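Have a look at coords16.txt below; it lists compact mmCIF, C-alpha atoms (C1' of nucleotides).
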# COMPACT_ATOMS: atom_id res chain seq x y z
CA MET F 1 41.82 10.50 -23.63
CA SER F 2 39.10 8.47 -22.03
CA GLU F 3 37.67 11.74 -20.85
CA GLU F 4 36.00 12.18 -24.20
CA ALA F 5 35.17 8.54 -24.83
CA ILE F 6 32.63 8.73 -22.03
CA PRO F 7 30.07 11.32 -23.09
CA ARG F 8 29.22 12.82 -19.73
CA LYS F 9 25.68 12.18 -18.68
CA ARG F 10 23.40 14.99 -17.78
CA ALA F 11 23.81 16.26 -14.25
CA ASP F 12 20.32 15.25 -13.16
CA ALA F 13 20.88 11.75 -14.49
CA ARG F 14 24.04 11.33 -12.45
CA ARG F 15 22.33 12.78 -9.41
CA ASN F 16 19.43 10.36 -9.76
CA GLN F 17 21.69 7.39 -10.22
CA GLN F 18 23.49 8.19 -7.00
CA ALA F 19 20.21 8.84 -5.19
CA LEU F 20 19.01 5.46 -6.38
CA LEU F 21 22.12 3.70 -5.11
CA ASP F 22 21.86 5.36 -1.73
CA ALA F 23 18.14 4.74 -1.46
CA ALA F 24 18.48 1.13 -2.54
CA ALA F 25 21.19 0.49 0.03
CA ALA F 26 18.95 1.92 2.73
CA VAL F 27 15.86 0.05 1.61
CA PHE F 28 17.78 -3.23 1.32
CA VAL F 29 18.85 -2.89 4.93
CA ARG F 30 15.34 -2.12 6.07
CA SER F 31 13.27 -4.44 3.88
CA GLY F 32 15.71 -6.91 2.39
CA VAL F 33 17.06 -7.29 -1.09
CA GLU F 34 13.64 -8.33 -2.40
CA ALA F 35 12.07 -4.99 -1.54
CA PRO F 36 9.51 -3.75 -4.08
CA VAL F 37 11.00 -1.64 -6.84
CA ARG F 38 8.36 0.99 -6.16
CA ASP F 39 9.66 1.39 -2.63
CA ILE F 40 13.19 2.00 -3.83
CA ALA F 41 12.00 4.51 -6.42
CA ALA F 42 9.93 6.29 -3.82
CA ALA F 43 12.80 6.36 -1.34
CA ALA F 44 15.01 7.92 -3.99
CA GLY F 45 12.29 10.38 -4.95
CA VAL F 46 12.21 9.24 -8.56
CA GLY F 47 9.73 7.43 -10.79
CA MET F 48 9.61 3.83 -11.88
CA GLY F 49 10.96 4.65 -15.29
CA THR F 50 14.12 6.19 -13.89
CA ILE F 51 15.06 3.16 -11.89
CA TYR F 52 14.77 0.86 -14.90
CA ARG F 53 16.72 3.16 -17.18
CA HIS F 54 19.69 3.30 -14.83
CA PHE F 55 19.46 -0.34 -13.80
CA PRO F 56 17.76 -2.38 -16.52
CA THR F 57 17.29 -5.34 -14.22
CA ARG F 58 17.01 -5.68 -10.49
CA ALA F 59 20.26 -7.61 -10.52
CA ASP F 60 22.11 -4.60 -11.95
CA LEU F 61 20.97 -2.51 -9.03
CA VAL F 62 21.91 -5.10 -6.45
CA VAL F 63 25.29 -5.61 -8.05
CA ALA F 64 25.91 -1.88 -8.10
CA VAL F 65 25.01 -1.57 -4.44
CA TYR F 66 27.26 -4.42 -3.31
CA ARG F 67 30.03 -4.18 -5.86
CA HIS F 68 32.50 -2.64 -3.45
CA GLN F 69 32.00 -5.34 -0.89
CA VAL F 70 32.28 -8.12 -3.42
CA GLU F 71 35.49 -6.58 -4.68
CA ALA F 72 36.85 -6.39 -1.16
CA CYS F 73 36.03 -10.02 -0.59
CA ALA F 74 37.66 -11.04 -3.84
CA GLU F 75 40.78 -9.08 -3.04
CA ALA F 76 41.02 -10.57 0.42
CA GLY F 77 41.62 -14.03 -1.05
CA PRO F 78 45.23 -13.62 -2.16
CA ALA F 79 45.98 -11.57 0.91
CA LEU F 80 44.77 -14.32 3.21
CA LEU F 81 46.70 -16.91 1.25
CA ALA F 82 49.87 -14.90 1.72
CA GLY F 83 49.26 -14.20 5.37
CA SER F 84 48.05 -17.55 6.66
CA VAL F 85 49.95 -20.47 8.08
CA THR F 86 48.43 -22.93 5.66
CA PRO F 87 46.34 -22.64 2.50
CA HIS F 88 43.57 -24.58 4.21
CA ALA F 89 43.46 -22.01 7.00
CA ALA F 90 43.36 -19.25 4.41
CA LEU F 91 40.47 -20.95 2.67
CA ALA F 92 38.56 -21.29 5.92
CA ALA F 93 39.14 -17.65 6.75
CA TRP F 94 38.10 -16.53 3.31
CA ILE F 95 34.92 -18.58 3.40
CA ASP F 96 34.14 -16.99 6.75
CA LEU F 97 34.53 -13.60 5.14
CA PHE F 98 32.17 -14.53 2.36
CA VAL F 99 29.61 -15.96 4.77
CA ASP F 100 29.76 -12.86 6.91
CA PHE F 101 29.15 -10.72 3.87
CA LEU F 102 26.15 -12.76 2.79
CA VAL F 103 24.44 -13.17 6.14
CA THR F 104 24.63 -9.49 6.96
CA LYS F 105 22.72 -8.78 3.74
CA HIS F 106 19.20 -9.64 4.79
CA GLY F 107 17.99 -12.03 2.10
CA LEU F 108 20.82 -11.62 -0.39
CA ALA F 109 21.67 -15.30 -0.38
CA ALA F 110 18.04 -16.22 -0.91
CA ALA F 111 17.74 -13.71 -3.73
CA LEU F 112 20.77 -15.28 -5.35
CA HIS F 113 18.70 -18.32 -6.14
CA SER F 114 15.00 -17.70 -6.51
CA ASP F 115 15.11 -15.38 -9.50
CA ASN F 116 18.23 -13.49 -10.39
CA ALA F 117 20.38 -15.62 -12.62
CA ALA F 118 22.35 -12.51 -13.54
CA LEU F 119 22.98 -11.60 -9.92
CA HIS F 120 24.13 -15.10 -9.26
CA ALA F 121 26.41 -15.01 -12.27
CA TYR F 122 28.09 -11.82 -11.13
CA PHE F 123 28.93 -13.15 -7.69
CA LEU F 124 30.12 -16.42 -9.10
CA ASP F 125 32.22 -14.90 -11.87
CA ARG F 126 33.97 -12.59 -9.50
CA LEU F 127 34.55 -14.96 -6.62
CA ILE F 128 35.04 -18.39 -8.16
CA PRO F 129 38.54 -17.62 -9.48
CA VAL F 130 39.54 -16.46 -6.02
CA CYS F 131 38.08 -19.54 -4.43
CA ALA F 132 39.76 -21.73 -7.01
CA GLN F 133 43.10 -20.19 -6.19
CA LEU F 134 42.71 -21.00 -2.51
CA LEU F 135 41.39 -24.45 -3.27
CA ASP F 136 44.26 -25.21 -5.61
CA ALA F 137 46.83 -24.03 -3.11
CA ALA F 138 45.33 -26.21 -0.40
CA ALA F 139 45.10 -29.18 -2.73
CA ALA F 140 48.69 -28.69 -3.85
CA ALA F 141 49.74 -28.72 -0.21
CA GLY F 142 47.90 -32.01 0.19
CA GLU F 143 45.61 -30.52 2.79
CA ILE F 144 42.32 -31.20 1.09
CA ARG F 145 40.69 -33.54 -1.35
CA SER F 146 40.74 -32.17 -4.85
CA ASP F 147 37.49 -33.46 -6.24
CA VAL F 148 35.37 -30.50 -5.19
CA THR F 149 35.27 -27.57 -7.56
CA ALA F 150 35.33 -23.92 -6.62
CA PHE F 151 31.93 -23.60 -8.22
CA GLU F 152 30.44 -26.28 -6.03
CA LEU F 153 31.95 -24.89 -2.88
CA MET F 154 30.81 -21.34 -3.58
CA TYR F 155 27.39 -22.47 -4.57
CA GLY F 156 27.09 -24.63 -1.50
CA VAL F 157 28.27 -21.94 0.87
CA GLY F 158 25.91 -19.48 -0.78
CA ASN F 159 23.06 -21.89 -0.21
CA LEU F 160 24.07 -22.41 3.37
CA CYS F 161 23.69 -18.69 3.98
CA ALA F 162 20.06 -18.60 2.92
CA GLY F 163 18.85 -19.32 6.43
CA VAL F 164 17.61 -16.67 8.78
CA ASP F 165 16.73 -18.67 11.87
CA PRO F 166 18.43 -17.55 15.07
CA ARG F 167 19.18 -21.16 16.01
CA TYR F 168 21.07 -21.56 12.79
CA ASP F 169 24.65 -20.41 12.37
CA ALA F 170 25.64 -20.36 8.71
CA ARG F 171 29.25 -19.72 9.59
CA ARG F 172 29.44 -22.88 11.63
CA LEU F 173 27.90 -24.99 8.88
CA ALA F 174 30.19 -23.48 6.27
CA GLY F 175 33.09 -24.24 8.56
CA LEU F 176 31.93 -27.84 8.72
CA LEU F 177 32.01 -27.95 4.95
CA VAL F 178 35.58 -26.71 4.86
CA THR F 179 36.53 -29.14 7.56
CA GLY F 180 34.96 -31.94 5.56
CA LEU F 181 37.07 -30.89 2.65
CA GLY F 182 40.17 -31.42 4.72
CA SER F 183 39.24 -34.91 5.82
CA GLY F 184 39.60 -36.30 2.35
CA SER F 185 43.35 -36.28 2.53
CA GLY F 186 43.53 -38.43 5.60
CA ARG F 187 40.38 -40.46 5.43
CA ALA F 188 39.60 -44.15 4.91
CA MET Q 1 -17.63 -44.03 18.35
CA SER Q 2 -15.31 -41.98 16.30
CA GLU Q 3 -17.35 -42.94 13.29
CA GLU Q 4 -19.81 -40.25 14.21
CA ALA Q 5 -17.30 -37.72 15.43
CA ILE Q 6 -16.15 -37.36 11.81
CA PRO Q 7 -19.20 -36.16 9.87
CA ARG Q 8 -18.55 -37.67 6.46
CA LYS Q 9 -17.90 -35.04 3.86
CA ARG Q 10 -19.97 -34.83 0.77
CA ALA Q 11 -18.93 -37.17 -2.01
CA ASP Q 12 -18.00 -34.39 -4.43
CA ALA Q 13 -15.88 -32.74 -1.77
CA ARG Q 14 -13.87 -35.90 -1.22
CA ARG Q 15 -13.56 -36.42 -4.94
CA ASN Q 16 -12.29 -32.89 -5.44
CA GLN Q 17 -9.80 -33.17 -2.63
CA GLN Q 18 -8.30 -36.25 -4.25
CA ALA Q 19 -8.33 -34.64 -7.69
CA LEU Q 20 -6.50 -31.67 -6.19
CA LEU Q 21 -3.85 -33.87 -4.63
CA ASP Q 22 -3.28 -35.74 -7.88
CA ALA Q 23 -3.25 -32.58 -9.95
CA ALA Q 24 -0.93 -30.81 -7.54
CA ALA Q 25 1.52 -33.71 -7.61
CA ALA Q 26 1.54 -33.60 -11.40
CA VAL Q 27 1.89 -29.83 -11.60
CA PHE Q 28 4.65 -29.80 -8.99
CA VAL Q 29 6.63 -32.20 -11.15
CA ARG Q 30 6.08 -30.15 -14.25
CA SER Q 31 6.33 -26.60 -12.94
CA GLY Q 32 7.86 -26.88 -9.50
CA VAL Q 33 6.41 -26.46 -6.06
CA GLU Q 34 5.92 -22.75 -6.62
CA ALA Q 35 3.48 -23.30 -9.46
CA PRO Q 36 0.60 -20.78 -9.59
CA VAL Q 37 -2.42 -21.83 -7.59
CA ARG Q 38 -4.58 -21.18 -10.64
CA ASP Q 39 -2.66 -23.80 -12.59
CA ILE Q 40 -3.24 -26.43 -9.95
CA ALA Q 41 -6.94 -25.59 -9.76
CA ALA Q 42 -7.23 -25.75 -13.53
CA ALA Q 43 -5.37 -29.05 -13.70
CA ALA Q 44 -7.77 -30.50 -11.15
CA GLY Q 45 -10.73 -29.04 -12.99
CA VAL Q 46 -11.91 -27.04 -9.99
CA GLY Q 47 -12.17 -23.37 -9.10
CA MET Q 48 -9.92 -21.23 -6.96
CA GLY Q 49 -12.34 -21.35 -4.07
CA THR Q 50 -12.21 -25.11 -3.86
CA ILE Q 51 -8.48 -25.28 -3.55
CA TYR Q 52 -8.42 -22.84 -0.67
CA ARG Q 53 -11.26 -24.56 1.12
CA HIS Q 54 -9.49 -27.90 1.13
CA PHE Q 55 -6.02 -26.51 1.71
CA PRO Q 56 -6.21 -23.15 3.49
CA THR Q 57 -2.56 -22.41 2.78
CA ARG Q 58 -0.21 -23.50 0.06
CA ALA Q 59 1.85 -25.25 2.69
CA ASP Q 60 -1.09 -27.51 3.57
CA LEU Q 61 -1.30 -28.67 0.00
CA VAL Q 62 2.41 -29.28 -0.32
CA VAL Q 63 2.50 -31.16 2.95
CA ALA Q 64 -0.44 -33.30 1.87
CA VAL Q 65 1.23 -34.13 -1.42
CA TYR Q 66 4.56 -35.13 0.14
CA ARG Q 67 3.39 -36.50 3.47
CA HIS Q 68 3.96 -40.12 2.51
CA GLN Q 69 7.49 -39.53 1.38
CA VAL Q 70 8.37 -37.53 4.45
CA GLU Q 71 6.98 -40.33 6.60
CA ALA Q 72 9.03 -42.87 4.71
CA CYS Q 73 12.16 -40.82 5.22
CA ALA Q 74 11.46 -40.44 8.91
CA GLU Q 75 10.88 -44.15 9.32
CA ALA Q 76 14.06 -45.01 7.48
CA GLY Q 77 16.14 -43.39 10.23
CA PRO Q 78 15.83 -46.06 12.92
CA ALA Q 79 16.04 -48.77 10.27
CA LEU Q 80 19.33 -47.44 8.97
CA LEU Q 81 20.67 -47.10 12.47
CA ALA Q 82 19.88 -50.75 13.14
CA GLY Q 83 21.26 -51.98 9.86
CA SER Q 84 24.47 -49.99 9.51
CA VAL Q 85 27.98 -50.78 10.64
CA THR Q 86 28.33 -47.51 12.50
CA PRO Q 87 25.96 -44.74 13.56
CA HIS Q 88 27.99 -42.31 11.49
CA ALA Q 89 27.44 -44.41 8.38
CA ALA Q 90 23.74 -44.58 9.17
CA LEU Q 91 23.63 -40.82 9.50
CA ALA Q 92 25.39 -40.37 6.18
CA ALA Q 93 23.01 -42.77 4.49
CA TRP Q 94 19.99 -41.11 5.99
CA ILE Q 95 21.14 -37.66 4.95
CA ASP Q 96 21.59 -39.02 1.43
CA LEU Q 97 18.01 -40.24 1.54
CA PHE Q 98 16.80 -36.83 2.62
CA VAL Q 99 18.84 -35.05 -0.01
CA ASP Q 100 17.54 -37.36 -2.71
CA PHE Q 101 14.02 -36.65 -1.63
CA LEU Q 102 14.55 -32.89 -1.73
CA VAL Q 103 16.45 -32.62 -4.98
CA THR Q 104 13.96 -34.71 -6.90
CA LYS Q 105 11.27 -32.24 -5.88
CA HIS Q 106 11.95 -29.41 -8.26
CA GLY Q 107 12.13 -26.34 -6.05
CA LEU Q 108 10.91 -27.86 -2.81
CA ALA Q 109 14.04 -26.92 -0.93
CA ALA Q 110 13.84 -23.36 -2.19
CA ALA Q 111 10.17 -23.16 -1.28
CA LEU Q 112 11.06 -24.30 2.22
CA HIS Q 113 12.70 -20.96 2.81
CA SER Q 114 11.36 -18.08 0.79
CA ASP Q 115 7.83 -18.05 2.11
CA ASN Q 116 6.33 -21.09 3.77
CA ALA Q 117 7.16 -21.03 7.44
CA ALA Q 118 4.46 -23.65 7.99
CA LEU Q 119 5.90 -25.96 5.37
CA HIS Q 120 9.29 -25.59 6.88
CA ALA Q 121 7.92 -26.32 10.31
CA TYR Q 122 6.28 -29.53 9.18
CA PHE Q 123 9.44 -30.95 7.67
CA LEU Q 124 11.53 -29.92 10.62
CA ASP Q 125 9.10 -31.22 13.22
CA ARG Q 126 8.88 -34.58 11.59
CA LEU Q 127 12.51 -35.10 10.71
CA ILE Q 128 14.52 -33.39 13.44
CA PRO Q 129 13.78 -36.06 16.06
CA VAL Q 130 14.97 -38.72 13.64
CA CYS Q 131 18.09 -36.77 12.84
CA ALA Q 132 18.70 -36.17 16.52
CA GLN Q 133 18.53 -39.88 17.20
CA LEU Q 134 21.17 -40.61 14.57
CA LEU Q 135 23.30 -37.71 15.72
CA ASP Q 136 23.13 -38.81 19.35
CA ALA Q 137 24.04 -42.36 18.48
CA ALA Q 138 27.04 -41.22 16.48
CA ALA Q 139 28.09 -38.82 19.21
CA ALA Q 140 27.71 -41.52 21.85
CA ALA Q 141 29.96 -43.75 19.78
CA GLY Q 142 32.51 -40.94 19.71
CA GLU Q 143 32.36 -40.76 15.95
CA ILE Q 144 31.37 -37.14 15.60
CA ARG Q 145 31.64 -33.85 17.37
CA SER Q 146 28.57 -33.16 19.46
CA ASP Q 147 28.25 -29.41 19.15
CA VAL Q 148 26.06 -29.41 16.07
CA THR Q 149 22.34 -29.72 16.64
CA ALA Q 150 19.93 -31.77 14.58
CA PHE Q 151 18.17 -28.55 13.73
CA GLU Q 152 21.28 -26.98 12.33
CA LEU Q 153 22.20 -30.02 10.33
CA MET Q 154 18.73 -30.43 8.83
CA TYR Q 155 18.47 -26.76 8.07
CA GLY Q 156 21.89 -26.73 6.49
CA VAL Q 157 21.25 -29.79 4.38
CA GLY Q 158 17.92 -28.36 3.32
CA ASN Q 159 19.68 -25.19 2.25
CA LEU Q 160 22.28 -27.13 0.37
CA CYS Q 161 19.55 -28.71 -1.72
CA ALA Q 162 18.25 -25.41 -3.01
CA GLY Q 163 20.56 -25.45 -6.01
CA VAL Q 164 19.48 -26.54 -9.44
CA ASP Q 165 22.66 -26.14 -11.44
CA PRO Q 166 23.87 -29.23 -13.26
CA ARG Q 167 27.45 -28.59 -12.16
CA TYR Q 168 26.30 -28.70 -8.57
CA ASP Q 169 25.79 -31.94 -6.70
CA ALA Q 170 23.90 -31.39 -3.48
CA ARG Q 171 24.50 -34.94 -2.35
CA ARG Q 172 28.24 -34.46 -2.54
CA LEU Q 173 28.13 -31.22 -0.56
CA ALA Q 174 25.86 -32.74 2.07
CA GLY Q 175 28.27 -35.64 2.31
CA LEU Q 176 31.05 -33.16 2.91
CA LEU Q 177 29.05 -31.71 5.77
CA VAL Q 178 28.63 -35.12 7.36
CA THR Q 179 32.30 -35.85 6.84
CA GLY Q 180 33.15 -32.56 8.48
CA LEU Q 181 31.04 -33.61 11.42
CA GLY Q 182 33.20 -36.70 11.82
CA SER Q 183 36.46 -34.80 11.81
CA GLY Q 184 35.68 -33.15 15.08
CA SER Q 185 36.46 -36.27 17.02
CA GLY Q 186 39.97 -36.63 15.73
CA ARG Q 187 40.96 -33.09 14.91
CA ALA Q 188 43.48 -30.65 16.32
C1' DC X 1 -39.50 -35.03 -4.19
C1' DA X 2 -38.53 -31.10 -1.54
C1' DA X 3 -35.63 -28.37 1.21
C1' DC X 4 -31.44 -27.15 3.02
C1' DA X 5 -26.74 -27.41 4.41
C1' DT X 6 -22.61 -28.14 2.03
C1' DA X 7 -19.55 -27.16 -1.49
C1' DC X 8 -18.40 -24.87 -5.77
C1' DG X 9 -16.54 -21.35 -9.11
C1' DG X 10 -14.59 -17.48 -10.63
C1' DA X 11 -14.99 -12.37 -10.49
C1' DG X 12 -12.50 -9.19 -8.02
C1' DC X 13 -9.05 -7.00 -4.94
C1' DA X 14 -4.47 -5.98 -3.65
C1' DG X 15 0.28 -6.21 -4.53
C1' DT X 16 4.02 -7.55 -7.50
C1' DG X 17 7.57 -6.53 -11.78
C1' DC X 18 8.30 -4.12 -15.79
C1' DT X 19 7.10 -1.21 -20.18
C1' DC X 20 5.98 2.70 -22.74
C1' DC X 21 5.59 7.23 -24.20
C1' DA X 22 3.88 12.12 -23.50
C1' DC X 23 6.08 15.42 -21.05
C1' DT X 24 9.90 18.06 -18.73
C1' DT X 25 14.31 20.09 -18.48
C1' DA X 26 19.44 20.43 -18.81
C1' DG X 27 22.85 22.07 -21.75
C1' DC X 28 24.12 24.70 -25.48
C1' DA X 29 24.31 28.02 -29.43
C1' DA X 30 23.13 32.37 -30.99
C1' DT H 1 18.64 36.02 -22.38
C1' DT H 2 16.26 33.15 -25.18
C1' DG H 3 14.96 29.12 -27.78
C1' DC H 4 16.00 24.60 -29.43
C1' DT H 5 16.74 19.71 -28.99
C1' DA H 6 17.88 15.51 -27.23
C1' DA H 7 18.42 13.32 -22.87
C1' DG H 8 15.95 12.18 -19.10
C1' DT H 9 11.73 11.62 -16.39
C1' DG H 10 7.45 9.81 -14.16
C1' DG H 11 3.69 7.17 -13.49
C1' DA H 12 -0.37 5.08 -15.78
C1' DG H 13 -1.04 0.65 -17.38
C1' DC H 14 -0.44 -4.31 -18.40
C1' DA H 15 0.35 -8.98 -17.09
C1' DC H 16 0.82 -11.88 -13.49
C1' DT H 17 0.67 -13.27 -8.84
C1' DG H 18 -2.05 -14.95 -4.09
C1' DC H 19 -6.19 -15.00 -1.81
C1' DT H 20 -11.28 -13.72 -0.53
C1' DC H 21 -16.10 -13.56 -0.96
C1' DC H 22 -20.61 -14.71 -2.03
C1' DG H 23 -24.29 -15.97 -5.47
C1' DT H 24 -25.16 -20.35 -7.40
C1' DA H 25 -25.30 -25.38 -7.91
C1' DT H 26 -25.65 -29.90 -5.98
C1' DG H 27 -25.40 -33.90 -2.74
C1' DT H 28 -27.97 -35.69 1.11
C1' DT H 29 -31.61 -36.61 3.98
C1' DG H 30 -36.33 -37.33 5.54

Entire entry expressed as structure tokens:
Amino acid sequence: MSEEAIPRKRADARRNQQALLDAAAAVFVRSGVEAPVRDIAAAAGVGMGTIYRHFPTRADLVVAVYRHQVEACAEAGPALLAGSVTPHAALAAWIDLFVDFLVTKHGLAAALHSDNAALHAYFLDRLIPVCAQLLDAAAAAGEIRSDVTAFELMYGVGNLCAGVDPRYDARRLAGLLVTGLGSGSGRA
Amino acid sequence: MSEEAIPRKRADARRNQQALLDAAAAVFVRSGVEAPVRDIAAAAGVGMGTIYRHFPTRADLVVAVYRHQVEACAEAGPALLAGSVTPHAALAAWIDLFVDFLVTKHGLAAALHSDNAALHAYFLDRLIPVCAQLLDAAAAAGEIRSDVTAFELMYGVGNLCAGVDPRYDARRLAGLLVTGLGSGSGRA
DNA sequence: CAACATACGGAGCAGTGCTCCACTTAGCAA
DNA sequence: TTGCTAAGTGGAGCACTGCTCCGTATGTTG
């Protein structure tokens, strides 16, 4: 029934869209998420117009490229909560997952801020509920202070991942943040 | 003797340099640190050439504009250490000072990363020793874990300040980081 | 006042993102 | 097979960046 609700695109259009996704993924690895649109079009063997028709904004393209990984991260939240000793441990593990995702994407975290409000919104919309669930569970267990929102934590961790210096370990700093969260319950 | 080693610049050159500094400060407030160079030149009533002669790179201009405030922040470190109950409290207060400086500068933290390696280097060079002093004092007092470097902390806090969302409070997040630092000493 | 080094201004180049529309071609009906 | 039409394409072009270069203007000095 939904077979007819989606009027199948032309074969070349579908082919180009896939070529664009593949090319973009490759170019992002090589040149970072901020790579010139022309480069991506060239890598896919299509023109500028094609890229903008399939992905009206740069954010749409980035989202499409990373959608699977964001989904995986989101789905890992409940799983970690179920499989961990404490909610706080689950939260820490999940944050690690998120950090790992961001830091392996050459400039993604930086791109999240500078321009792309839409890109930012997608990540936040998808992941904040998951984060909130972990946060709530930990707060309910009395393991963490409850005055930090999921939004703030996600935003902060995202910011933390913007660095690229070899003497800087985003995972460690993010861990510090989560640790700090835990101190509230037993602090002066 | 050094009077002659510095061959006094022409009066108009000095005047323009000052006009540029004033104009840049004003434009940075209005449009952020990433404001187009043309805008700054126009605001100062000079041409493009003049701006680049006085400040070869954008970082030089930004550094010149904020030098005083960075100095003040650096000098506040030892003062806080001397005047606080504990080194950890001094560190927290100093970090707050640094965060306040960054967040009131519309986009400075973001600019620190995206392009300007030189800008970044200036801030880090000037402030890391101060941070290290506070960190060492707190570590010596057994108040914090000692496996986080001043570089990492400064870099992390700088990253944390990149946000501009009203529902995001960089000071709070940075405080969490410092709190997390303290948990190391009494943690499992 | 003259002459010259210093400093100025902005046209121009190269590199972005993104738009627009004349052209091409896939898919289909005859 | 052929021809039609709408979907899809490609890249020239525009607006906007940062930054350079050099002919021109002006402060300074003797």

Using only C-alpha atoms, which of F:Arg14, F:Val33, F:Val103, F:Ala117 sits nearest Val65 of chain F?
F:Val33

What's around Gly107 of chain F at 10 Å? Count only C-alpha atoms (C1' of nucleotides), leave out sequence neighbours fewer than 3 positions away in its own chain, and write the answer as a PyMOL selection string.
(chain F and resi 28-29+31-35+102-104+110-112+161-164) or (chain Q and resi 114)

For Ala19 of chain Q, please output as an MDAnalysis selection string all residues within 10 Å (counting all atoms listed in the file; exclusion window: fewer than 5 positions along the same chain).
chainID Q and resid 13:14 24:25 40:41 43:46

Point (30.7, -10.1, 7.3) neighbourhood (12 Å, only C-alpha atoms (C1' of nucleotides)) written as a count of residues only:
21

Any idea what's packed within 10 Å of segment 14-23 of chain X, counting only C-alpha atoms (C1' of nucleotides), ignoring anything in its chain fewer than 6 positions away? Could you give it as a PDB file with C-alpha atoms (C1' of nucleotides), in the frame of the given file?
ATOM      1  CA  PRO F  36       9.510  -3.750  -4.080  1.00  0.00           C
ATOM      2  CA  VAL F  37      11.000  -1.640  -6.840  1.00  0.00           C
ATOM      3  CA  ARG F  38       8.360   0.990  -6.160  1.00  0.00           C
ATOM      4  CA  MET F  48       9.610   3.830 -11.880  1.00  0.00           C
ATOM      5  CA  GLY F  49      10.960   4.650 -15.290  1.00  0.00           C
ATOM      6  CA  TYR F  52      14.770   0.860 -14.900  1.00  0.00           C
ATOM      7  CA  PRO F  56      17.760  -2.380 -16.520  1.00  0.00           C
ATOM      8  CA  THR F  57      17.290  -5.340 -14.220  1.00  0.00           C
ATOM      9  CA  ARG F  58      17.010  -5.680 -10.490  1.00  0.00           C
TER      10      ARG F  58
ATOM     11  C1'  DT H   9      11.730  11.620 -16.390  1.00  0.00           C
ATOM     12  C1'  DG H  10       7.450   9.810 -14.160  1.00  0.00           C
ATOM     13  C1'  DA H  12      -0.370   5.080 -15.780  1.00  0.00           C
ATOM     14  C1'  DG H  13      -1.040   0.650 -17.380  1.00  0.00           C
ATOM     15  C1'  DC H  14      -0.440  -4.310 -18.400  1.00  0.00           C
ATOM     16  C1'  DA H  15       0.350  -8.980 -17.090  1.00  0.00           C
ATOM     17  C1'  DC H  16       0.820 -11.880 -13.490  1.00  0.00           C
ATOM     18  C1'  DT H  17       0.670 -13.270  -8.840  1.00  0.00           C
ATOM     19  C1'  DG H  18      -2.050 -14.950  -4.090  1.00  0.00           C
ATOM     20  C1'  DC H  19      -6.190 -15.000  -1.810  1.00  0.00           C
TER      21       DC H  19
END

Separating atom CA of Ser183 of chain F from atom CA of Ser183 of chain Q, to the nearest tenth of an Å, is a gap of 6.6 Å

Could you name the residues that touch segment 4-8 of chain X at 12 Å or less, counting all atoms listed in the file, but leaving out those on the same chain fewer than 2 positions away, as a ChimeraX atom specification?
/Q:7-17,45-54 /X:2,10 /H:22-30

Let's have the selection written as a PDB file, in the frame of the given file, with C-alpha atoms (C1' of nucleotides).
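Listed below is the output, part30.pdb:
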ATOM      1  CA  PRO Q   7     -19.200 -36.160   9.870  1.00  0.00           C
ATOM      2  CA  ARG Q   8     -18.550 -37.670   6.460  1.00  0.00           C
ATOM      3  CA  LYS Q   9     -17.900 -35.040   3.860  1.00  0.00           C
ATOM      4  CA  ARG Q  10     -19.970 -34.830   0.770  1.00  0.00           C
ATOM      5  CA  ALA Q  11     -18.930 -37.170  -2.010  1.00  0.00           C
ATOM      6  CA  ASP Q  12     -18.000 -34.390  -4.430  1.00  0.00           C
ATOM      7  CA  ALA Q  13     -15.880 -32.740  -1.770  1.00  0.00           C
ATOM      8  CA  ARG Q  14     -13.870 -35.900  -1.220  1.00  0.00           C
ATOM      9  CA  ARG Q  15     -13.560 -36.420  -4.940  1.00  0.00           C
ATOM     10  CA  ASN Q  16     -12.290 -32.890  -5.440  1.00  0.00           C
ATOM     11  CA  GLN Q  17      -9.800 -33.170  -2.630  1.00  0.00           C
ATOM     12  CA  GLY Q  45     -10.730 -29.040 -12.990  1.00  0.00           C
ATOM     13  CA  VAL Q  46     -11.910 -27.040  -9.990  1.00  0.00           C
ATOM     14  CA  GLY Q  47     -12.170 -23.370  -9.100  1.00  0.00           C
ATOM     15  CA  MET Q  48      -9.920 -21.230  -6.960  1.00  0.00           C
ATOM     16  CA  GLY Q  49     -12.340 -21.350  -4.070  1.00  0.00           C
ATOM     17  CA  THR Q  50     -12.210 -25.110  -3.860  1.00  0.00           C
ATOM     18  CA  ILE Q  51      -8.480 -25.280  -3.550  1.00  0.00           C
ATOM     19  CA  TYR Q  52      -8.420 -22.840  -0.670  1.00  0.00           C
ATOM     20  CA  ARG Q  53     -11.260 -24.560   1.120  1.00  0.00           C
ATOM     21  CA  HIS Q  54      -9.490 -27.900   1.130  1.00  0.00           C
TER      22      HIS Q  54
ATOM     23  C1'  DA X   2     -38.530 -31.100  -1.540  1.00  0.00           C
ATOM     24  C1'  DG X  10     -14.590 -17.480 -10.630  1.00  0.00           C
TER      25       DG X  10
ATOM     26  C1'  DC H  22     -20.610 -14.710  -2.030  1.00  0.00           C
ATOM     27  C1'  DG H  23     -24.290 -15.970  -5.470  1.00  0.00           C
ATOM     28  C1'  DT H  24     -25.160 -20.350  -7.400  1.00  0.00           C
ATOM     29  C1'  DA H  25     -25.300 -25.380  -7.910  1.00  0.00           C
ATOM     30  C1'  DT H  26     -25.650 -29.900  -5.980  1.00  0.00           C
ATOM     31  C1'  DG H  27     -25.400 -33.900  -2.740  1.00  0.00           C
ATOM     32  C1'  DT H  28     -27.970 -35.690   1.110  1.00  0.00           C
ATOM     33  C1'  DT H  29     -31.610 -36.610   3.980  1.00  0.00           C
ATOM     34  C1'  DG H  30     -36.330 -37.330   5.540  1.00  0.00           C
TER      35       DG H  30
END
